[in-house]
file coords_20.pdb (PDB, C-alpha atoms, pLDDT in the B column)
ATOM      1  CA  ASP A   1      13.158  14.329  19.727  1.00 49.00           C
ATOM      2  CA  ALA A   2      14.629  14.366  16.216  1.00 61.00           C
ATOM      3  CA  GLY A   3      12.162  16.934  14.890  1.00 91.00           C
ATOM      4  CA  ILE A   4       8.913  15.342  16.073  1.00 95.00           C
ATOM      5  CA  THR A   5       6.483  17.419  18.097  1.00 96.00           C
ATOM      6  CA  GLN A   6       3.298  16.083  19.648  1.00 97.00           C
ATOM      7  CA  SER A   7       0.513  18.318  20.918  1.00 96.00           C
ATOM      8  CA  PRO A   8      -1.017  18.547  23.371  1.00 97.00           C
ATOM      9  CA  ARG A   9       1.357  16.731  25.722  1.00 96.00           C
ATOM     10  CA  HIS A  10      -1.333  16.328  28.349  1.00 97.00           C
ATOM     11  CA  LYS A  11      -5.103  16.452  28.052  1.00 97.00           C
ATOM     12  CA  VAL A  12      -7.993  15.624  30.333  1.00 97.00           C
ATOM     13  CA  THR A  13     -11.414  15.352  28.741  1.00 97.00           C
ATOM     14  CA  GLU A  14     -14.840  13.894  29.391  1.00 97.00           C
ATOM     15  CA  THR A  15     -16.498  10.844  27.903  1.00 97.00           C
ATOM     16  CA  GLY A  16     -18.234  11.603  24.630  1.00 97.00           C
ATOM     17  CA  THR A  17     -16.181  14.641  23.637  1.00 96.00           C
ATOM     18  CA  PRO A  18     -14.071  14.742  20.457  1.00 96.00           C
ATOM     19  CA  VAL A  19     -10.299  14.888  20.813  1.00 97.00           C
ATOM     20  CA  THR A  20      -7.589  15.525  18.227  1.00 98.00           C
ATOM     21  CA  LEU A  21      -3.910  14.839  18.804  1.00 98.00           C
ATOM     22  CA  ARG A  22      -1.369  16.342  16.446  1.00 98.00           C
ATOM     23  CA  CYS A  23       1.989  15.045  15.324  1.00 98.00           C
ATOM     24  CA  HIS A  24       4.287  17.418  13.470  1.00 98.00           C
ATOM     25  CA  GLN A  25       7.643  16.412  11.950  1.00 97.00           C
ATOM     26  CA  THR A  26      10.412  18.448  10.381  1.00 96.00           C
ATOM     27  CA  GLU A  27      12.356  15.447   9.013  1.00 92.00           C
ATOM     28  CA  ASN A  28      10.375  15.068   5.761  1.00 92.00           C
ATOM     29  CA  HIS A  29       9.944  11.346   6.490  1.00 92.00           C
ATOM     30  CA  ARG A  30       7.401   9.551   4.359  1.00 92.00           C
ATOM     31  CA  TYR A  31       5.934   7.176   6.949  1.00 93.00           C
ATOM     32  CA  MET A  32       4.128   8.226  10.109  1.00 94.00           C
ATOM     33  CA  TYR A  33       2.497   6.152  12.860  1.00 95.00           C
ATOM     34  CA  TRP A  34       0.266   6.452  15.885  1.00 97.00           C
ATOM     35  CA  TYR A  35       0.758   3.972  18.755  1.00 96.00           C
ATOM     36  CA  ARG A  36      -0.857   3.743  22.155  1.00 97.00           C
ATOM     37  CA  GLN A  37       0.980   2.526  25.241  1.00 95.00           C
ATOM     38  CA  ASP A  38      -0.854   0.784  28.075  1.00 93.00           C
ATOM     39  CA  PRO A  39       0.402  -1.202  31.062  1.00 88.00           C
ATOM     40  CA  GLY A  40       0.553  -4.897  30.249  1.00 86.00           C
ATOM     41  CA  HIS A  41       0.146  -4.296  26.526  1.00 89.00           C
ATOM     42  CA  GLY A  42       3.311  -2.528  25.458  1.00 89.00           C
ATOM     43  CA  LEU A  43       2.847  -0.451  22.317  1.00 92.00           C
ATOM     44  CA  ARG A  44       0.045  -1.183  19.879  1.00 93.00           C
ATOM     45  CA  LEU A  45      -0.328   0.343  16.430  1.00 93.00           C
ATOM     46  CA  ILE A  46      -3.487   2.402  15.872  1.00 96.00           C
ATOM     47  CA  HIS A  47      -3.051   3.798  12.349  1.00 95.00           C
ATOM     48  CA  TYR A  48      -0.221   4.549  10.002  1.00 94.00           C
ATOM     49  CA  SER A  49       0.407   6.631   6.910  1.00 94.00           C
ATOM     50  CA  TYR A  50       2.642   5.837   3.950  1.00 89.00           C
ATOM     51  CA  GLY A  51       2.213   9.202   2.270  1.00 90.00           C
ATOM     52  CA  VAL A  52       0.010  12.266   2.019  1.00 93.00           C
ATOM     53  CA  LYS A  53      -3.632  11.155   2.122  1.00 92.00           C
ATOM     54  CA  ASP A  54      -2.543   7.495   2.262  1.00 92.00           C
ATOM     55  CA  THR A  55      -3.411   5.853   5.565  1.00 93.00           C
ATOM     56  CA  ASP A  56      -4.237   2.393   6.855  1.00 92.00           C
ATOM     57  CA  LYS A  57      -5.503   0.715   9.998  1.00 93.00           C
ATOM     58  CA  GLY A  58      -3.348  -0.914  12.604  1.00 91.00           C
ATOM     59  CA  GLU A  59      -4.065  -3.451  15.308  1.00 89.00           C
ATOM     60  CA  VAL A  60      -6.352  -1.276  17.489  1.00 95.00           C
ATOM     61  CA  SER A  61      -8.014   1.211  15.122  1.00 95.00           C
ATOM     62  CA  ASP A  62     -11.620   1.022  16.373  1.00 96.00           C
ATOM     63  CA  GLY A  63     -12.785   4.402  17.680  1.00 96.00           C
ATOM     64  CA  TYR A  64      -9.952   6.312  15.994  1.00 97.00           C
ATOM     65  CA  SER A  65      -9.541   8.112  12.687  1.00 97.00           C
ATOM     66  CA  VAL A  66      -6.522   9.819  11.145  1.00 97.00           C
ATOM     67  CA  SER A  67      -5.743  12.365   8.484  1.00 97.00           C
ATOM     68  CA  ARG A  68      -2.600  13.429   6.688  1.00 97.00           C
ATOM     69  CA  SER A  69      -3.029  16.421   4.384  1.00 96.00           C
ATOM     70  CA  LYS A  70       0.634  17.434   4.486  1.00 96.00           C
ATOM     71  CA  THR A  71       3.857  15.451   4.753  1.00 95.00           C
ATOM     72  CA  GLU A  72       4.683  17.018   8.093  1.00 96.00           C
ATOM     73  CA  ASP A  73       1.376  16.581   9.930  1.00 97.00           C
ATOM     74  CA  PHE A  74      -0.476  13.443  11.060  1.00 98.00           C
ATOM     75  CA  LEU A  75      -3.641  13.937  13.107  1.00 98.00           C
ATOM     76  CA  LEU A  76      -5.294  11.345  15.334  1.00 98.00           C
ATOM     77  CA  THR A  77      -8.971  11.940  16.155  1.00 98.00           C
ATOM     78  CA  LEU A  78     -11.167  10.319  18.750  1.00 97.00           C
ATOM     79  CA  GLU A  79     -14.668  11.200  17.532  1.00 93.00           C
ATOM     80  CA  SER A  80     -16.280  10.414  20.888  1.00 96.00           C
ATOM     81  CA  ALA A  81     -13.764   9.657  23.606  1.00 97.00           C
ATOM     82  CA  THR A  82     -14.323   6.724  25.980  1.00 97.00           C
ATOM     83  CA  SER A  83     -12.571   5.829  29.228  1.00 97.00           C
ATOM     84  CA  SER A  84     -10.908   2.860  27.485  1.00 97.00           C
ATOM     85  CA  GLN A  85      -9.030   5.368  25.352  1.00 98.00           C
ATOM     86  CA  THR A  86      -7.219   6.753  28.381  1.00 98.00           C
ATOM     87  CA  SER A  87      -3.630   6.091  27.400  1.00 97.00           C
ATOM     88  CA  VAL A  88      -0.310   7.538  26.355  1.00 97.00           C
ATOM     89  CA  TYR A  89      -0.180   8.117  22.610  1.00 98.00           C
ATOM     90  CA  PHE A  90       3.064   8.125  20.662  1.00 97.00           C
ATOM     91  CA  CYS A  91       3.714   9.340  17.170  1.00 97.00           C
ATOM     92  CA  ALA A  92       6.614   7.887  15.187  1.00 95.00           C
ATOM     93  CA  ILE A  93       8.229   8.453  11.793  1.00 94.00           C
ATOM     94  CA  SER A  94      10.394   6.392   9.450  1.00 90.00           C
ATOM     95  CA  GLU A  95      11.773   6.247   5.958  1.00 84.00           C
ATOM     96  CA  PRO A  96      11.125   3.468   3.404  1.00 75.00           C
ATOM     97  CA  ARG A  97      14.636   2.088   3.168  1.00 71.00           C
ATOM     98  CA  GLY A  98      16.548  -0.660   4.874  1.00 68.00           C
ATOM     99  CA  ALA A  99      15.513  -1.740   8.338  1.00 70.00           C
ATOM    100  CA  ASN A 100      12.355  -0.019   9.499  1.00 79.00           C
ATOM    101  CA  VAL A 101      13.863   2.210  12.192  1.00 88.00           C
ATOM    102  CA  LEU A 102      11.190   4.290  13.904  1.00 91.00           C
ATOM    103  CA  THR A 103      11.872   7.599  15.642  1.00 92.00           C
ATOM    104  CA  PHE A 104       9.370   8.508  18.345  1.00 94.00           C
ATOM    105  CA  GLY A 105       7.890  11.692  19.714  1.00 95.00           C
ATOM    106  CA  ALA A 106       7.687  12.430  23.434  1.00 94.00           C
ATOM    107  CA  GLY A 107       4.091  11.231  23.792  1.00 95.00           C
ATOM    108  CA  SER A 108       0.672  12.679  24.604  1.00 97.00           C
ATOM    109  CA  ARG A 109      -1.013  11.602  27.815  1.00 97.00           C
ATOM    110  CA  LEU A 110      -4.809  11.510  27.445  1.00 98.00           C
ATOM    111  CA  THR A 111      -7.189  10.988  30.351  1.00 97.00           C
ATOM    112  CA  VAL A 112     -10.875  10.431  29.608  1.00 97.00           C
ATOM    113  CA  LEU A 113     -13.102  10.860  32.671  1.00 96.00           C
TER     114      LEU A 113
ATOM    115  CA  GLY B   1       1.001 -13.204  12.677  1.00 80.00           C
ATOM    116  CA  ASN B   2       4.067 -11.608  14.175  1.00 87.00           C
ATOM    117  CA  SER B   3       4.647 -11.518  17.917  1.00 91.00           C
ATOM    118  CA  VAL B   4       7.368 -10.672  20.423  1.00 95.00           C
ATOM    119  CA  THR B   5       7.658 -12.154  23.908  1.00 96.00           C
ATOM    120  CA  GLN B   6       9.803 -10.697  26.658  1.00 95.00           C
ATOM    121  CA  MET B   7       9.872 -10.833  30.453  1.00 88.00           C
ATOM    122  CA  GLU B   8       7.868  -7.944  31.915  1.00 83.00           C
ATOM    123  CA  GLY B   9       9.558  -7.568  35.259  1.00 84.00           C
ATOM    124  CA  PRO B  10      10.245  -5.472  37.112  1.00 93.00           C
ATOM    125  CA  VAL B  11      13.806  -6.721  37.012  1.00 95.00           C
ATOM    126  CA  THR B  12      15.810  -5.371  39.943  1.00 97.00           C
ATOM    127  CA  LEU B  13      19.604  -5.539  39.970  1.00 97.00           C
ATOM    128  CA  SER B  14      22.440  -3.998  41.892  1.00 97.00           C
ATOM    129  CA  GLU B  15      24.832  -1.603  40.208  1.00 97.00           C
ATOM    130  CA  GLU B  16      27.633  -3.384  38.267  1.00 96.00           C
ATOM    131  CA  ALA B  17      25.600  -6.594  37.944  1.00 97.00           C
ATOM    132  CA  PHE B  18      25.305  -8.503  34.660  1.00 97.00           C
ATOM    133  CA  LEU B  19      22.070  -7.959  32.776  1.00 97.00           C
ATOM    134  CA  THR B  20      20.138 -10.280  30.503  1.00 97.00           C
ATOM    135  CA  ILE B  21      16.647  -9.517  29.208  1.00 97.00           C
ATOM    136  CA  ASN B  22      15.229 -12.345  27.145  1.00 97.00           C
ATOM    137  CA  CYS B  23      13.340 -11.737  23.902  1.00 97.00           C
ATOM    138  CA  THR B  24      11.888 -14.333  21.538  1.00 97.00           C
ATOM    139  CA  TYR B  25       9.875 -13.724  18.424  1.00 96.00           C
ATOM    140  CA  THR B  26       7.525 -15.262  15.902  1.00 94.00           C
ATOM    141  CA  ALA B  27       7.572 -13.949  12.353  1.00 90.00           C
ATOM    142  CA  THR B  28       6.537 -15.151   8.922  1.00 81.00           C
ATOM    143  CA  GLY B  29       9.506 -13.753   7.003  1.00 78.00           C
ATOM    144  CA  TYR B  30      13.025 -12.607   7.782  1.00 82.00           C
ATOM    145  CA  PRO B  31      12.525  -9.803  10.275  1.00 90.00           C
ATOM    146  CA  SER B  32      14.789  -7.049  11.458  1.00 91.00           C
ATOM    147  CA  LEU B  33      15.063  -6.953  15.251  1.00 94.00           C
ATOM    148  CA  PHE B  34      15.331  -3.981  17.583  1.00 96.00           C
ATOM    149  CA  TRP B  35      15.738  -2.971  21.195  1.00 97.00           C
ATOM    150  CA  TYR B  36      14.240   0.349  22.228  1.00 97.00           C
ATOM    151  CA  VAL B  37      14.633   2.055  25.616  1.00 97.00           C
ATOM    152  CA  GLN B  38      12.168   4.384  27.330  1.00 96.00           C
ATOM    153  CA  TYR B  39      13.304   6.612  30.195  1.00 94.00           C
ATOM    154  CA  PRO B  40      10.647   7.982  32.567  1.00 90.00           C
ATOM    155  CA  GLY B  41       8.404  10.569  30.950  1.00 87.00           C
ATOM    156  CA  GLU B  42      10.011  10.220  27.529  1.00 90.00           C
ATOM    157  CA  GLY B  43       9.385   8.568  24.194  1.00 91.00           C
ATOM    158  CA  LEU B  44      11.151   5.443  22.966  1.00 94.00           C
ATOM    159  CA  GLN B  45      14.716   5.664  21.697  1.00 95.00           C
ATOM    160  CA  LEU B  46      16.432   3.123  19.480  1.00 95.00           C
ATOM    161  CA  LEU B  47      19.097   1.295  21.490  1.00 97.00           C
ATOM    162  CA  LEU B  48      20.357  -1.200  18.913  1.00 97.00           C
ATOM    163  CA  LYS B  49      19.272  -3.281  15.931  1.00 95.00           C
ATOM    164  CA  ALA B  50      20.186  -6.291  13.807  1.00 95.00           C
ATOM    165  CA  THR B  51      18.915  -6.939  10.322  1.00 91.00           C
ATOM    166  CA  LYS B  52      19.954 -10.534   9.587  1.00 90.00           C
ATOM    167  CA  ALA B  53      20.818 -13.783  11.301  1.00 92.00           C
ATOM    168  CA  ASP B  54      24.016 -13.800  13.405  1.00 95.00           C
ATOM    169  CA  ASP B  55      24.259  -9.987  13.320  1.00 95.00           C
ATOM    170  CA  LYS B  56      25.199  -8.420  16.631  1.00 97.00           C
ATOM    171  CA  GLY B  57      23.814  -5.019  17.500  1.00 96.00           C
ATOM    172  CA  SER B  58      25.628  -2.961  20.129  1.00 97.00           C
ATOM    173  CA  ASN B  59      25.393   0.469  21.724  1.00 97.00           C
ATOM    174  CA  LYS B  60      26.274   2.060  25.095  1.00 95.00           C
ATOM    175  CA  GLY B  61      27.654  -1.260  26.400  1.00 97.00           C
ATOM    176  CA  PHE B  62      24.489  -3.181  25.476  1.00 98.00           C
ATOM    177  CA  GLU B  63      24.613  -6.062  23.004  1.00 98.00           C
ATOM    178  CA  ALA B  64      22.133  -8.434  21.349  1.00 98.00           C
ATOM    179  CA  THR B  65      22.720 -11.177  18.779  1.00 98.00           C
ATOM    180  CA  TYR B  66      20.121 -12.188  16.191  1.00 96.00           C
ATOM    181  CA  ARG B  67      19.706 -15.969  16.635  1.00 96.00           C
ATOM    182  CA  LYS B  68      17.509 -17.358  13.882  1.00 93.00           C
ATOM    183  CA  GLU B  69      17.768 -20.957  15.092  1.00 93.00           C
ATOM    184  CA  THR B  70      16.294 -20.064  18.489  1.00 95.00           C
ATOM    185  CA  THR B  71      14.234 -17.055  17.242  1.00 95.00           C
ATOM    186  CA  SER B  72      15.793 -14.936  19.968  1.00 97.00           C
ATOM    187  CA  PHE B  73      17.365 -11.503  20.432  1.00 97.00           C
ATOM    188  CA  HIS B  74      18.399 -11.339  24.095  1.00 98.00           C
ATOM    189  CA  LEU B  75      19.716  -8.037  25.452  1.00 98.00           C
ATOM    190  CA  GLU B  76      22.894  -8.142  27.580  1.00 98.00           C
ATOM    191  CA  LYS B  77      25.134  -5.712  29.415  1.00 98.00           C
ATOM    192  CA  GLY B  78      28.171  -6.648  31.445  1.00 96.00           C
ATOM    193  CA  SER B  79      27.922  -4.020  34.183  1.00 96.00           C
ATOM    194  CA  VAL B  80      24.749  -1.975  34.657  1.00 97.00           C
ATOM    195  CA  GLN B  81      24.546   1.505  36.112  1.00 97.00           C
ATOM    196  CA  VAL B  82      21.779   3.327  37.953  1.00 96.00           C
ATOM    197  CA  SER B  83      21.292   5.432  34.813  1.00 96.00           C
ATOM    198  CA  ASP B  84      20.257   2.267  32.909  1.00 97.00           C
ATOM    199  CA  SER B  85      17.009   2.151  34.879  1.00 97.00           C
ATOM    200  CA  ALA B  86      14.288   2.333  32.233  1.00 96.00           C
ATOM    201  CA  VAL B  87      11.763   0.245  30.310  1.00 96.00           C
ATOM    202  CA  TYR B  88      13.241  -1.851  27.495  1.00 97.00           C
ATOM    203  CA  PHE B  89      11.201  -2.969  24.484  1.00 96.00           C
ATOM    204  CA  CYS B  90      12.077  -5.705  22.027  1.00 97.00           C
ATOM    205  CA  ALA B  91      10.531  -5.230  18.567  1.00 95.00           C
ATOM    206  CA  LEU B  92      10.542  -6.646  15.073  1.00 92.00           C
ATOM    207  CA  SER B  93       9.828  -5.522  11.536  1.00 89.00           C
ATOM    208  CA  ASP B  94       9.169  -8.169   8.955  1.00 79.00           C
ATOM    209  CA  SER B  95       9.446  -5.807   5.996  1.00 65.00           C
ATOM    210  CA  SER B  96      12.961  -6.020   4.620  1.00 50.00           C
ATOM    211  CA  GLU B  97      12.361  -3.061   2.291  1.00 48.00           C
ATOM    212  CA  GLY B  98      11.253  -0.576   4.906  1.00 52.00           C
ATOM    213  CA  GLY B  99       7.557  -1.226   4.750  1.00 61.00           C
ATOM    214  CA  ALA B 100       5.072   1.186   6.214  1.00 65.00           C
ATOM    215  CA  ASP B 101       3.300  -1.148   8.597  1.00 71.00           C
ATOM    216  CA  GLY B 102       5.494  -0.344  11.580  1.00 82.00           C
ATOM    217  CA  LEU B 103       7.019  -2.511  14.267  1.00 89.00           C
ATOM    218  CA  THR B 104       5.573  -5.237  16.468  1.00 90.00           C
ATOM    219  CA  PHE B 105       6.574  -4.636  20.089  1.00 93.00           C
ATOM    220  CA  GLY B 106       6.899  -6.805  23.152  1.00 94.00           C
ATOM    221  CA  LYS B 107       5.200  -5.630  26.341  1.00 94.00           C
ATOM    222  CA  GLY B 108       8.349  -4.072  27.744  1.00 95.00           C
ATOM    223  CA  THR B 109      10.660  -4.958  30.645  1.00 96.00           C
ATOM    224  CA  HIS B 110      10.966  -2.509  33.524  1.00 95.00           C
ATOM    225  CA  LEU B 111      14.582  -2.498  34.744  1.00 96.00           C
ATOM    226  CA  ILE B 112      15.476  -1.035  38.137  1.00 97.00           C
ATOM    227  CA  ILE B 113      19.141  -0.644  39.107  1.00 97.00           C
ATOM    228  CA  GLN B 114      19.860  -0.066  42.779  1.00 96.00           C
ATOM    229  CA  PRO B 115      23.050   1.686  43.948  1.00 94.00           C
TER     230      PRO B 115
END
call {"tool": "encode", "arguments": {"input": "coords_20.pdb", "output": "structure tokens"}}
result
Amino acid sequence: DAGITQSPRHKVTETGTPVTLRCHQTENHRYMYWYRQDPGHGLRLIHYSYGVKDTDKGEVSDGYSVSRSKTEDFLLTLESATSSQTSVYFCAISEPRGANVLTFGAGSRLTVL
Amino acid sequence: GNSVTQMEGPVTLSEEAFLTINCTYTATGYPSLFWYVQYPGEGLQLLLKATKADDKGSNKGFEATYRKETTSFHLEKGSVQVSDSAVYFCALSDSSEGGADGLTFGKGTHLIIQP
């Protein structure tokens, strides 16, 4: 997966618990993204980062926060998980040049009971 | 805002059939256009791209032409194989300088190829 590792790959948790998903890259790419994938919705952008400590909200950011303290790591946190956040979460990376080609991780499947 | 529309399927074809998956878009600027493919249990992989009008992207026998006049980027393949079974996503980026705000995706088309 081009040097992108997501962890955990699978997680089952209960409503109201905090959850953190980690994305780690070895490509030294500047931009990083978190998307969620749901049937009937395709992929929707949650948050993105354009550098260390520089992040911004995407289309569906409510209930999520992110942090990027190092170039290689981008964390997605659900402070209090809800059943509507059951989804498959994908991390992606890109570089700020030319067409915005994203490279994706393998995904993290989260189930909130 | 930006949007991408594509047929959701599932689209079921026999092996060696001709494939077309339609994709149309709405964008404020001059977007780059992409097709990504997702095999079961995996992340998305870039299949092909086109960055300006009349460009043709191609890869693995798949082709798509950037048609500005019809705001379309239809995916075609002359003879599909069982191994092409996957979900295909059309996407756009309206930042010509590699902006950080990511891609806008269609909802995906599930393609099933029967032997």
call {"tool": "atom_distance", "arguments": {"input": "coords_20.pdb", "atom1": "atom CA of B:Leu103", "atom2": "atom CA of B:Lys60"}}
result
22.6 Å
call {"tool": "atom_distance", "arguments": {"input": "coords_20.pdb", "atom1": "atom CA of B:Glu69", "atom2": "atom CA of B:Val11"}}
result
26.4 Å
call {"tool": "atom_distance", "arguments": {"input": "coords_20.pdb", "atom1": "atom CA of B:Tyr25", "atom2": "atom CA of B:Thr109"}}
result
15.1 Å
call {"tool": "resolve_selection", "arguments": {"input": "coords_20.pdb", "expression": "the ChimeraX specification (/A :<12) & /B", "output": "number ranges by chain"}}
result
B: 1-10, 30-52, 87-110
call {"tool": "residues_near_point", "arguments": {"input": "coords_20.pdb", "point": "(18.8, -20.3, 16.4)", "cutoff": "12 Å", "atoms": "all atoms listed in the file", "output": "compact mmCIF listing (two decimals) with C-alpha atoms, in the frame of the given file"}}
result
# COMPACT_ATOMS: atom_id res chain seq x y z
CA THR B 24 11.89 -14.33 21.54
CA TYR B 25 9.88 -13.72 18.42
CA LYS B 52 19.95 -10.53 9.59
CA ALA B 53 20.82 -13.78 11.30
CA ASP B 54 24.02 -13.80 13.40
CA THR B 65 22.72 -11.18 18.78
CA TYR B 66 20.12 -12.19 16.19
CA ARG B 67 19.71 -15.97 16.64
CA LYS B 68 17.51 -17.36 13.88
CA GLU B 69 17.77 -20.96 15.09
CA THR B 70 16.29 -20.06 18.49
CA THR B 71 14.23 -17.06 17.24
CA SER B 72 15.79 -14.94 19.97
CA PHE B 73 17.36 -11.50 20.43
CA HIS B 74 18.40 -11.34 24.10
call {"tool": "resolve_selection", "arguments": {"input": "coords_20.pdb", "expression": "the PyMOL selection byres ((chain A and resi 83) around 7)", "output": "ChimeraX atom specification"}}
result
/A:15,81-82,84-86,112-113
call {"tool": "resolve_selection", "arguments": {"input": "coords_20.pdb", "expression": "the PyMOL selection byres ((chain B and resi 79) around 6)", "output": "VMD selection string"}}
result
chain B and resid 16 to 18 77 to 78 80
call {"tool": "residues_around", "arguments": {"input": "coords_20.pdb", "residues": "A:Arg22", "least_positions_apart": "5", "cutoff": "7 Å", "atoms": "all atoms listed in the file", "output": "list in words"}}
result
Gln6, Ser7, Phe74, Leu75 and Leu76 of chain A
call {"tool": "axis_aligned_box", "arguments": {"input": "coords_20.pdb", "around": "stretch 74-82 of chain B", "padding_each_side": "6 Å", "output": "AutoDock Vina command-line options"}}
result
--center_x 23.3 --center_y -4.0 --center_z 31.0 --size_x 21.8 --size_y 26.7 --size_z 25.9
call {"tool": "residues_near_point", "arguments": {"input": "coords_20.pdb", "point": "(21.4, 6.5, 36.9)", "cutoff": "10 Å", "atoms": "all atoms listed in the file", "output": "mmCIF file with C-alpha atoms, keeping the file's coordinate frame"}}
result
data_model
loop_
_atom_site.group_PDB
_atom_site.id
_atom_site.type_symbol
_atom_site.label_atom_id
_atom_site.label_comp_id
_atom_site.auth_asym_id
_atom_site.auth_seq_id
_atom_site.Cartn_x
_atom_site.Cartn_y
_atom_site.Cartn_z
ATOM 1 C CA GLU B 15 24.832 -1.603 40.208
ATOM 2 C CA VAL B 80 24.749 -1.975 34.657
ATOM 3 C CA GLN B 81 24.546 1.505 36.112
ATOM 4 C CA VAL B 82 21.779 3.327 37.953
ATOM 5 C CA SER B 83 21.292 5.432 34.813
ATOM 6 C CA ASP B 84 20.257 2.267 32.909
ATOM 7 C CA SER B 85 17.009 2.151 34.879
ATOM 8 C CA ALA B 86 14.288 2.333 32.233
ATOM 9 C CA ILE B 112 15.476 -1.035 38.137
ATOM 10 C CA ILE B 113 19.141 -0.644 39.107
ATOM 11 C CA GLN B 114 19.860 -0.066 42.779
ATOM 12 C CA PRO B 115 23.050 1.686 43.948
#
